[in-house]
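Below: run-v4.txt (compact mmCIF, C-alpha atoms and all ligand atoms)
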```txt
# COMPACT_ATOMS: atom_id res chain seq x y z
CA MET A 204 77.07 93.96 93.69
CA VAL A 205 78.13 97.60 94.15
CA PRO A 206 81.59 97.75 95.76
CA ARG A 207 81.30 99.07 99.33
CA PHE A 208 83.69 101.97 98.78
CA ARG A 209 82.95 102.95 95.20
CA ASP A 210 83.87 106.64 94.66
CA LYS A 211 84.90 107.05 98.30
CA VAL A 212 88.15 108.84 99.12
CA ALA A 213 90.20 107.44 101.98
CA ILE A 214 93.35 108.51 103.82
CA VAL A 215 95.30 105.68 105.45
CA THR A 216 98.27 106.54 107.67
CA GLY A 217 101.08 104.11 108.33
CA ALA A 218 100.32 102.44 105.02
CA SER A 219 103.86 101.33 104.17
CA SER A 220 103.52 97.92 105.84
CA GLY A 221 101.47 95.70 108.11
CA ILE A 222 97.89 96.57 109.05
CA GLY A 223 97.92 99.90 107.17
CA GLN A 224 99.09 98.26 103.95
CA ALA A 225 96.43 95.53 104.21
CA THR A 226 93.77 98.17 104.91
CA ALA A 227 94.77 100.34 101.96
CA ILE A 228 94.72 97.36 99.60
CA GLY A 229 91.37 96.21 101.02
CA LEU A 230 89.80 99.65 100.54
CA ALA A 231 91.15 99.84 96.98
CA ARG A 232 89.86 96.36 96.15
CA GLU A 233 86.38 97.61 97.00
CA GLY A 234 86.52 100.79 94.97
CA ALA A 235 88.12 103.49 97.12
CA ARG A 236 90.52 106.15 95.89
CA LEU A 237 93.43 106.58 98.23
CA MET A 238 95.89 108.90 99.86
CA ILE A 239 98.40 106.65 101.59
CA CYS A 240 101.10 107.97 103.87
CA ALA A 241 103.90 106.92 106.19
CA ASP A 242 106.94 108.56 107.71
CA ARG A 243 110.13 106.80 106.65
CA ASN A 244 109.60 103.55 104.79
CA VAL A 245 109.37 105.03 101.31
CA ALA A 246 109.99 101.64 99.64
CA GLY A 247 107.09 100.12 101.58
CA LEU A 248 104.84 103.01 100.66
CA GLU A 249 105.74 102.55 97.01
CA GLU A 250 104.97 98.82 97.31
CA THR A 251 101.51 99.67 98.68
CA ARG A 252 100.93 102.25 95.94
CA LEU A 253 101.78 99.71 93.22
CA ALA A 254 99.49 97.09 94.81
CA VAL A 255 96.65 99.63 94.97
CA GLU A 256 97.17 100.74 91.37
CA GLN A 257 97.17 97.13 90.20
CA LEU A 258 93.59 97.07 91.47
CA ASP A 259 92.82 99.99 89.14
CA ALA A 260 92.39 102.35 92.07
CA GLU A 261 93.70 105.89 92.03
CA CYS A 262 96.40 106.41 94.63
CA LEU A 263 98.47 109.29 95.95
CA ALA A 264 101.37 108.56 98.28
CA MET A 265 103.00 111.06 100.60
CA GLN A 266 105.70 110.99 103.23
CA VAL A 267 104.02 112.35 106.35
CA ASP A 268 105.25 112.32 109.92
CA VAL A 269 102.00 112.31 111.89
CA ARG A 270 103.73 114.14 114.75
CA SER A 271 104.00 117.23 112.56
CA HIS A 272 100.92 119.43 112.45
CA ALA A 273 102.13 121.15 109.27
CA ALA A 274 102.72 117.81 107.53
CA VAL A 275 99.27 116.51 108.48
CA GLU A 276 97.58 119.71 107.26
CA GLU A 277 99.53 119.50 103.99
CA CYS A 278 98.45 115.89 103.49
CA VAL A 279 94.78 116.71 104.06
CA GLN A 280 95.00 119.78 101.82
CA THR A 281 96.69 117.80 99.02
CA THR A 282 93.99 115.11 99.27
CA LEU A 283 91.23 117.71 99.05
CA GLU A 284 92.86 119.52 96.13
CA HIS A 285 93.28 116.27 94.21
CA PHE A 286 90.11 114.36 95.04
CA GLY A 287 87.79 117.16 96.21
CA THR A 288 86.63 115.28 99.30
CA ILE A 289 87.63 112.96 102.15
CA ASP A 290 85.12 110.28 103.15
CA ILE A 291 87.25 107.88 105.19
CA MET A 292 90.12 108.47 107.60
CA VAL A 293 92.06 105.50 108.98
CA ASN A 294 94.52 106.56 111.70
CA ASN A 295 96.75 103.52 111.71
CA ALA A 296 100.30 104.94 112.08
CA GLY A 297 101.75 103.76 115.34
CA THR A 298 104.89 102.96 117.21
CA GLY A 299 105.82 100.61 120.06
CA GLN A 300 107.62 100.82 123.37
CA TYR A 301 109.77 98.12 124.88
CA VAL A 302 111.36 99.83 127.89
CA ALA A 303 110.58 99.26 131.56
CA PHE A 304 108.91 102.30 133.09
CA ALA A 305 111.70 103.02 135.58
CA LEU A 306 114.25 103.21 132.74
CA MET A 307 112.20 105.33 130.44
CA GLU A 308 113.64 108.59 129.05
CA ASN A 309 111.48 111.67 128.55
CA ASP A 310 112.15 111.49 124.79
CA GLU A 311 110.67 108.01 124.67
CA TYR A 312 107.48 109.27 126.31
CA ASP A 313 107.23 112.04 123.69
CA ARG A 314 107.91 109.70 120.77
CA VAL A 315 105.26 107.14 121.72
CA MET A 316 102.58 109.64 122.77
CA ASP A 317 103.20 111.90 119.77
CA VAL A 318 102.88 109.17 117.15
CA ASN A 319 100.05 107.20 118.76
CA LEU A 320 97.94 110.02 120.20
CA ARG A 321 98.95 113.43 118.85
CA GLY A 322 99.05 112.12 115.26
CA THR A 323 95.53 110.73 115.62
CA PHE A 324 94.37 114.02 117.12
CA TYR A 325 95.91 116.07 114.28
CA PHE A 326 94.39 113.94 111.51
CA CYS A 327 90.94 113.67 113.11
CA ARG A 328 90.76 117.41 113.59
CA ALA A 329 92.09 118.14 110.10
CA VAL A 330 89.52 115.98 108.27
CA LEU A 331 86.45 116.81 110.36
CA PRO A 332 85.59 120.21 108.83
CA THR A 333 85.18 118.75 105.34
CA MET A 334 83.29 115.74 106.71
CA MET A 335 80.96 118.06 108.66
CA ASP A 336 80.43 120.31 105.61
CA ARG A 337 79.39 117.30 103.54
CA ASP A 338 77.66 115.56 106.45
CA TYR A 339 79.44 112.30 105.71
CA GLY A 340 82.48 110.63 107.20
CA LYS A 341 84.01 107.49 108.67
CA ILE A 342 86.95 107.70 111.05
CA VAL A 343 88.64 104.55 112.30
CA ASN A 344 91.49 104.79 114.80
CA VAL A 345 93.72 101.76 115.24
CA THR A 346 94.32 101.32 118.96
CA SER A 347 95.38 98.04 120.63
CA VAL A 348 94.37 95.45 123.19
CA MET A 349 97.25 97.12 125.01
CA GLY A 350 94.95 100.14 125.32
CA GLU A 351 92.50 97.93 127.22
CA ILE A 352 94.95 96.10 129.49
CA ALA A 353 98.53 96.67 130.62
CA ALA A 354 101.66 94.65 129.89
CA GLN A 355 105.23 94.69 131.09
CA GLY A 356 107.42 97.35 129.47
CA GLN A 357 104.43 98.90 127.72
CA SER A 358 103.28 101.58 130.17
CA ILE A 359 103.35 104.56 127.82
CA TYR A 360 102.15 102.48 124.87
CA ASN A 361 99.25 101.37 127.11
CA ALA A 362 98.57 105.01 128.02
CA SER A 363 98.75 106.22 124.40
CA LYS A 364 96.38 103.56 123.08
CA GLY A 365 93.98 103.88 126.02
CA ALA A 366 93.92 107.62 125.42
CA ALA A 367 93.34 107.09 121.68
CA ARG A 368 90.34 104.89 122.58
CA LEU A 369 88.85 107.63 124.74
CA LEU A 370 89.72 110.28 122.15
CA THR A 371 87.67 108.19 119.71
CA GLN A 372 84.72 108.25 122.11
CA GLY A 373 85.11 111.97 122.77
CA ILE A 374 85.08 112.84 119.06
CA ALA A 375 82.09 110.53 118.56
CA VAL A 376 80.13 112.50 121.14
CA ASP A 377 81.26 115.84 119.68
CA VAL A 378 79.95 114.99 116.18
CA THR A 379 76.44 114.40 117.51
CA GLY A 380 73.90 115.27 114.82
CA TYR A 381 76.27 114.57 111.92
CA ASN A 382 76.31 111.57 109.60
CA ILE A 383 79.84 110.81 110.75
CA ASN A 384 80.97 107.59 112.46
CA VAL A 385 84.03 107.52 114.70
CA ASN A 386 85.26 104.18 115.98
CA ALA A 387 88.37 102.22 116.83
CA VAL A 388 89.79 98.79 116.10
CA ALA A 389 92.01 97.24 118.77
CA PRO A 390 94.26 94.52 117.34
CA GLY A 391 95.77 91.83 119.50
CA MET A 392 99.12 90.32 118.57
CA VAL A 393 99.84 90.63 114.84
CA VAL A 394 102.99 89.77 112.89
CA THR A 395 104.25 93.05 111.40
CA ASN A 396 107.44 95.13 111.35
CA LEU A 397 106.40 96.46 114.74
CA THR A 398 106.34 93.08 116.45
CA GLN A 399 108.40 90.61 114.44
CA HIS A 400 111.35 90.89 116.84
CA MET A 401 109.04 89.45 119.55
CA PHE A 402 108.71 86.23 117.61
CA ALA A 403 112.44 85.82 117.03
CA ASP A 404 112.72 83.15 119.73
CA GLU A 405 110.37 80.24 120.32
CA GLU A 406 109.93 80.94 124.03
CA THR A 407 108.49 84.42 123.47
CA GLU A 408 106.29 83.20 120.66
CA ARG A 409 105.00 80.40 122.93
CA PHE A 410 104.26 82.99 125.65
CA PHE A 411 101.87 84.77 123.29
CA LEU A 412 100.42 81.63 121.72
CA ASP A 413 99.48 80.37 125.19
CA ARG A 414 97.38 83.51 125.62
CA ILE A 415 95.58 83.40 122.28
CA PRO A 416 92.61 81.00 122.24
CA LYS A 417 92.61 80.98 118.44
CA GLY A 418 96.03 79.33 118.66
CA ARG A 419 97.94 81.54 116.27
CA ILE A 420 99.43 85.02 116.01
CA GLY A 421 97.33 87.33 113.84
CA GLN A 422 98.16 88.53 110.34
CA PRO A 423 97.42 92.07 109.05
CA GLU A 424 94.62 90.55 106.91
CA ASP A 425 92.94 89.36 110.13
CA ILE A 426 92.60 92.98 111.27
CA SER A 427 91.81 94.91 108.08
CA PRO A 428 88.29 93.41 107.57
CA ALA A 429 87.14 94.97 110.87
CA ILE A 430 88.57 98.33 109.82
CA LEU A 431 86.86 98.06 106.43
CA PHE A 432 83.57 97.12 108.08
CA LEU A 433 83.69 100.24 110.28
CA CYS A 434 84.49 102.32 107.17
CA SER A 435 81.41 100.96 105.42
CA ASP A 436 77.80 102.12 105.52
CA GLU A 437 76.78 98.73 106.94
CA ALA A 438 78.28 99.97 110.21
CA CYS A 439 76.32 103.24 110.22
CA TYR A 440 74.83 102.62 113.69
CA ILE A 441 78.16 101.66 115.25
CA HIS A 442 79.60 104.77 116.83
CA GLY A 443 82.14 105.62 119.51
CA THR A 444 83.07 102.03 120.10
CA THR A 445 86.09 99.75 119.79
CA ILE A 446 86.08 96.41 118.02
CA VAL A 447 88.70 94.13 119.52
CA VAL A 448 90.29 91.75 116.99
CA ASP A 449 92.66 89.59 119.01
CA GLY A 450 91.90 85.90 118.52
CA GLY A 451 90.39 85.90 122.01
CA MET A 452 93.49 87.23 123.80
CA LEU A 453 91.52 89.54 126.11
CA CYS A 454 89.43 86.59 127.34
CA THR A 455 92.52 85.05 128.90
CA ARG A 456 93.04 88.03 131.21
N1 LIG A 501 101.31 94.44 115.27
C1 LIG A 501 100.62 94.34 116.40
O1 LIG A 501 100.69 93.31 117.10
C2 LIG A 501 99.71 95.45 116.82
C3 LIG A 501 98.89 95.22 117.92
C4 LIG A 501 98.04 96.22 118.35
C5 LIG A 501 98.03 97.42 117.68
N2 LIG A 501 98.84 97.64 116.63
C6 LIG A 501 98.76 98.93 115.98
O2 LIG A 501 98.55 98.77 114.60
C7 LIG A 501 99.04 99.92 113.91
C8 LIG A 501 99.85 99.48 112.71
O3 LIG A 501 101.03 98.84 113.15
P1 LIG A 501 101.62 97.52 112.47
O4 LIG A 501 101.59 96.47 113.50
O5 LIG A 501 100.96 97.29 111.17
O6 LIG A 501 103.16 97.92 112.33
P2 LIG A 501 104.03 98.43 111.10
O7 LIG A 501 105.35 98.77 111.68
O8 LIG A 501 103.98 97.46 109.99
O9 LIG A 501 103.27 99.74 110.66
C9 LIG A 501 103.38 100.96 111.34
C10 LIG A 501 103.20 102.06 110.35
O10 LIG A 501 103.19 103.31 111.05
C11 LIG A 501 104.08 104.19 110.38
N3 LIG A 501 104.60 105.20 111.30
C12 LIG A 501 105.33 105.01 112.42
N4 LIG A 501 105.67 106.20 112.96
C13 LIG A 501 105.12 107.16 112.15
C14 LIG A 501 105.11 108.56 112.14
N5 LIG A 501 105.76 109.27 113.08
N6 LIG A 501 104.45 109.21 111.16
C15 LIG A 501 103.81 108.52 110.18
N7 LIG A 501 103.79 107.18 110.12
C16 LIG A 501 104.45 106.51 111.09
C17 LIG A 501 105.16 103.30 109.79
O11 LIG A 501 105.85 103.96 108.74
C18 LIG A 501 104.33 102.13 109.32
O12 LIG A 501 103.78 102.42 108.04
C19 LIG A 501 99.82 100.74 114.94
O13 LIG A 501 99.02 101.81 115.39
C20 LIG A 501 100.05 99.74 116.06
O14 LIG A 501 100.20 100.37 117.32
C21 LIG A 501 99.68 96.67 116.18
```
What does this structure look like when you write it as structure tokens?
Amino acid sequence: MVPRFRDKVAIVTGASSGIGQATAIGLAREGARLMICADRNVAGLEETRLAVEQLDAECLAMQVDVRSHAAVEECVQTTLEHFGTIDIMVNNAGTGQYVAFALMENDEYDRVMDVNLRGTFYFCRAVLPTMMDRDYGKIVNVTSVMGEIAAQGQSIYNASKGAARLLTQGIAVDVTGYNINVNAVAPGMVVTNLTQHMFADEETERFFLDRIPKGRIGQPEDISPAILFLCSDEACYIHGTTIVVDGGMLCTR
């Protein structure tokens, strides 16, 4: 069988841990060449790079803060100079918010919106010209069930992920006529660096488990197959939509 991503070039943001790391490894396992990036966790990024290279996949790694337009442009330029093309863009970098709305500082608003929305905007816009020139591309934005529904202490996170979902739809409409697919994956509750503090006590973990019909918290490897599917040509008629991967969590609301 021909690997689904043979000869494809993919950028994965937030690839130093969690869902981004699992996605990068999954893409590499099926033949992709990779540019992986993250902001601070250099050790995690290196761990992903080694895992990807062990699969005999070519891999560049770069420290990129997705909030910086210059850094995003440099990352896309470096990828193009090295690989000559970009076929797949996974906007996975993200940050959380755990402050009640009334207590929220302006800086917190900027931080959450800039990582979760502005970063996705910068990367989508930066890769589209080359995708349009070659009339081929797959963009997958990682949103959240918290972009579909609201939760306590998550107001700006909710807003950023809801906006990223609609940004996904807007770009999908704007690339009408091109062989480019733009979609989102909305994870439910997944054990990663972002969330592990929520499972520190049994009571909080039970709170989530009671709302997940599948009866367990997700793992990054529960989410990455949906991202890979949307990056593949099997999903060529799926466009402007969001696949929710949440163990049934949304059904309980
Ligand atoms: N874990 C969950 O329960 C869950 C649920 C829904 C959605 N998500 C989303 O999944 C995505 C991945 O998160 P995760 O759960 O794997 O967490 P994680 O903490 O393991 O990964 C987040 C990644 O984003 C990167 N990142 C953060 N700020 C950045 C910045 N300014 N510039 C560049 N990279 C930056 C981090 O370095 C890291 O690589 C995020 O978009 C998150 O919102 C996670």
Of the candidates A:Val348, A:Ala354, A:Ala254, A:Val330, which shows the shortest atom-to-atom distance to Val302 (chain A), using only C-alpha atoms? A:Ala354
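Take the candidates A:Ala225, A:Leu283, A:Ala241, A:Ala231 and check each one against ligand LIG 501 (chain A) using only C-alpha atoms and all ligand atoms; the shortest distance goes to A:Ala241.
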Using all atoms listed in the file, which residues have at least one atom no more than 6 Å from ligand LIG 501 (chain A)? Output them as a PyMOL selection string. chain A and resi 217-223+241-244+267-270+295-298+318+345-347+390-398
Compare A:Arg456, A:Gly287, A:Arg209, A:Gly234 by their minimum atom-to-atom distance to Ala353 (chain A), counting all atoms listed in the file, and give me the closest one.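 Of A:Arg456, A:Gly287, A:Arg209, A:Gly234, the one nearest Ala353 (chain A) is A:Arg456, counting all atoms listed in the file.
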Find, counting only C-alpha atoms, the residue in A:Glu424, A:Asp404, A:Asp413, A:Asp336 that gets nearest to Ile383 (chain A).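 For Ile383 (chain A), the nearest of the candidates is A:Asp336.
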What does the structure give for the distance between CA of Gln422 (chain A) and CA of Val212 (chain A), in Å to one decimal?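 Going from CA of Gln422 (chain A) over to CA of Val212 (chain A) covers 25.3 Å.
Going from CA of Asp377 (chain A) to CA of Leu431 (chain A) covers 22.9 Å.
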Could you list, as a PDB file with C-alpha atoms, in the coordinates of the input, every residue within 12 Å of Leu237 (chain A), counting only C-alpha atoms and ignoring same-chain residues fewer than 5 positions away?
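Done, and the output landed in selection-v4.pdb:
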```pdb
ATOM      1  CA  PHE A 208      83.690 101.970  98.780  1.00  0.00           C
ATOM      2  CA  ARG A 209      82.950 102.950  95.200  1.00  0.00           C
ATOM      3  CA  ASP A 210      83.870 106.640  94.660  1.00  0.00           C
ATOM      4  CA  LYS A 211      84.900 107.050  98.300  1.00  0.00           C
ATOM      5  CA  VAL A 212      88.150 108.840  99.120  1.00  0.00           C
ATOM      6  CA  ALA A 213      90.200 107.440 101.980  1.00  0.00           C
ATOM      7  CA  ILE A 214      93.350 108.510 103.820  1.00  0.00           C
ATOM      8  CA  VAL A 215      95.300 105.680 105.450  1.00  0.00           C
ATOM      9  CA  THR A 216      98.270 106.540 107.670  1.00  0.00           C
ATOM     10  CA  ALA A 218     100.320 102.440 105.020  1.00  0.00           C
ATOM     11  CA  GLN A 224      99.090  98.260 103.950  1.00  0.00           C
ATOM     12  CA  THR A 226      93.770  98.170 104.910  1.00  0.00           C
ATOM     13  CA  ALA A 227      94.770 100.340 101.960  1.00  0.00           C
ATOM     14  CA  ILE A 228      94.720  97.360  99.600  1.00  0.00           C
ATOM     15  CA  GLY A 229      91.370  96.210 101.020  1.00  0.00           C
ATOM     16  CA  LEU A 230      89.800  99.650 100.540  1.00  0.00           C
ATOM     17  CA  ALA A 231      91.150  99.840  96.980  1.00  0.00           C
ATOM     18  CA  ARG A 232      89.860  96.360  96.150  1.00  0.00           C
ATOM     19  CA  THR A 251     101.510  99.670  98.680  1.00  0.00           C
ATOM     20  CA  ARG A 252     100.930 102.250  95.940  1.00  0.00           C
ATOM     21  CA  LEU A 253     101.780  99.710  93.220  1.00  0.00           C
ATOM     22  CA  ALA A 254      99.490  97.090  94.810  1.00  0.00           C
ATOM     23  CA  VAL A 255      96.650  99.630  94.970  1.00  0.00           C
ATOM     24  CA  GLU A 256      97.170 100.740  91.370  1.00  0.00           C
ATOM     25  CA  LEU A 258      93.590  97.070  91.470  1.00  0.00           C
ATOM     26  CA  ASP A 259      92.820  99.990  89.140  1.00  0.00           C
ATOM     27  CA  ALA A 260      92.390 102.350  92.070  1.00  0.00           C
ATOM     28  CA  GLU A 261      93.700 105.890  92.030  1.00  0.00           C
ATOM     29  CA  CYS A 262      96.400 106.410  94.630  1.00  0.00           C
ATOM     30  CA  LEU A 263      98.470 109.290  95.950  1.00  0.00           C
ATOM     31  CA  ALA A 264     101.370 108.560  98.280  1.00  0.00           C
ATOM     32  CA  MET A 265     103.000 111.060 100.600  1.00  0.00           C
ATOM     33  CA  CYS A 278      98.450 115.890 103.490  1.00  0.00           C
ATOM     34  CA  VAL A 279      94.780 116.710 104.060  1.00  0.00           C
ATOM     35  CA  THR A 281      96.690 117.800  99.020  1.00  0.00           C
ATOM     36  CA  THR A 282      93.990 115.110  99.270  1.00  0.00           C
ATOM     37  CA  LEU A 283      91.230 117.710  99.050  1.00  0.00           C
ATOM     38  CA  HIS A 285      93.280 116.270  94.210  1.00  0.00           C
ATOM     39  CA  PHE A 286      90.110 114.360  95.040  1.00  0.00           C
ATOM     40  CA  THR A 288      86.630 115.280  99.300  1.00  0.00           C
ATOM     41  CA  ILE A 289      87.630 112.960 102.150  1.00  0.00           C
ATOM     42  CA  ASP A 290      85.120 110.280 103.150  1.00  0.00           C
ATOM     43  CA  ILE A 291      87.250 107.880 105.190  1.00  0.00           C
ATOM     44  CA  MET A 292      90.120 108.470 107.600  1.00  0.00           C
ATOM     45  CA  VAL A 293      92.060 105.500 108.980  1.00  0.00           C
TER      46      VAL A 293
END
```
So which one's closest to Ala366 (chain A), A:Ile420, A:Met349, A:Ile446, A:Ala429? Using only C-alpha atoms, please.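 Nearest to Ala366 (chain A): A:Met349.
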Of the candidates A:Thr407, A:Glu351, A:Gly380, A:His400, which shows the shortest atom-to-atom distance to Met452 (chain A), using only C-alpha atoms?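 The answer is A:Glu351, which sits nearest to Met452 (chain A).
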Got a sec: who's within 10 Å of Asp313 (chain A), counting only C-alpha atoms, leaving out chain neighbours fewer than 6 positions off, as a list in words?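 Once the adjacent positions are removed, what remains is Arg270, Asn319, Arg321 and Ile359 of chain A.
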Name all residues at most 9 Å from His442 (chain A) (count all atoms listed in the file; drop same-chain ones fewer than 4 positions away) and give them as a list in words.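 Once the nearby chain positions are removed, what remains is Gln372, Ala375, Val376, Ile383, Asn384, Val385, Asn386, Leu433 and Ala438 of chain A.
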May I ask for the distance between CA of Ala362 (chain A) and CA of Val448 (chain A), given in Å to one decimal place?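 Result for CA of Ala362 (chain A) versus CA of Val448 (chain A): 19.1 Å, one decimal.
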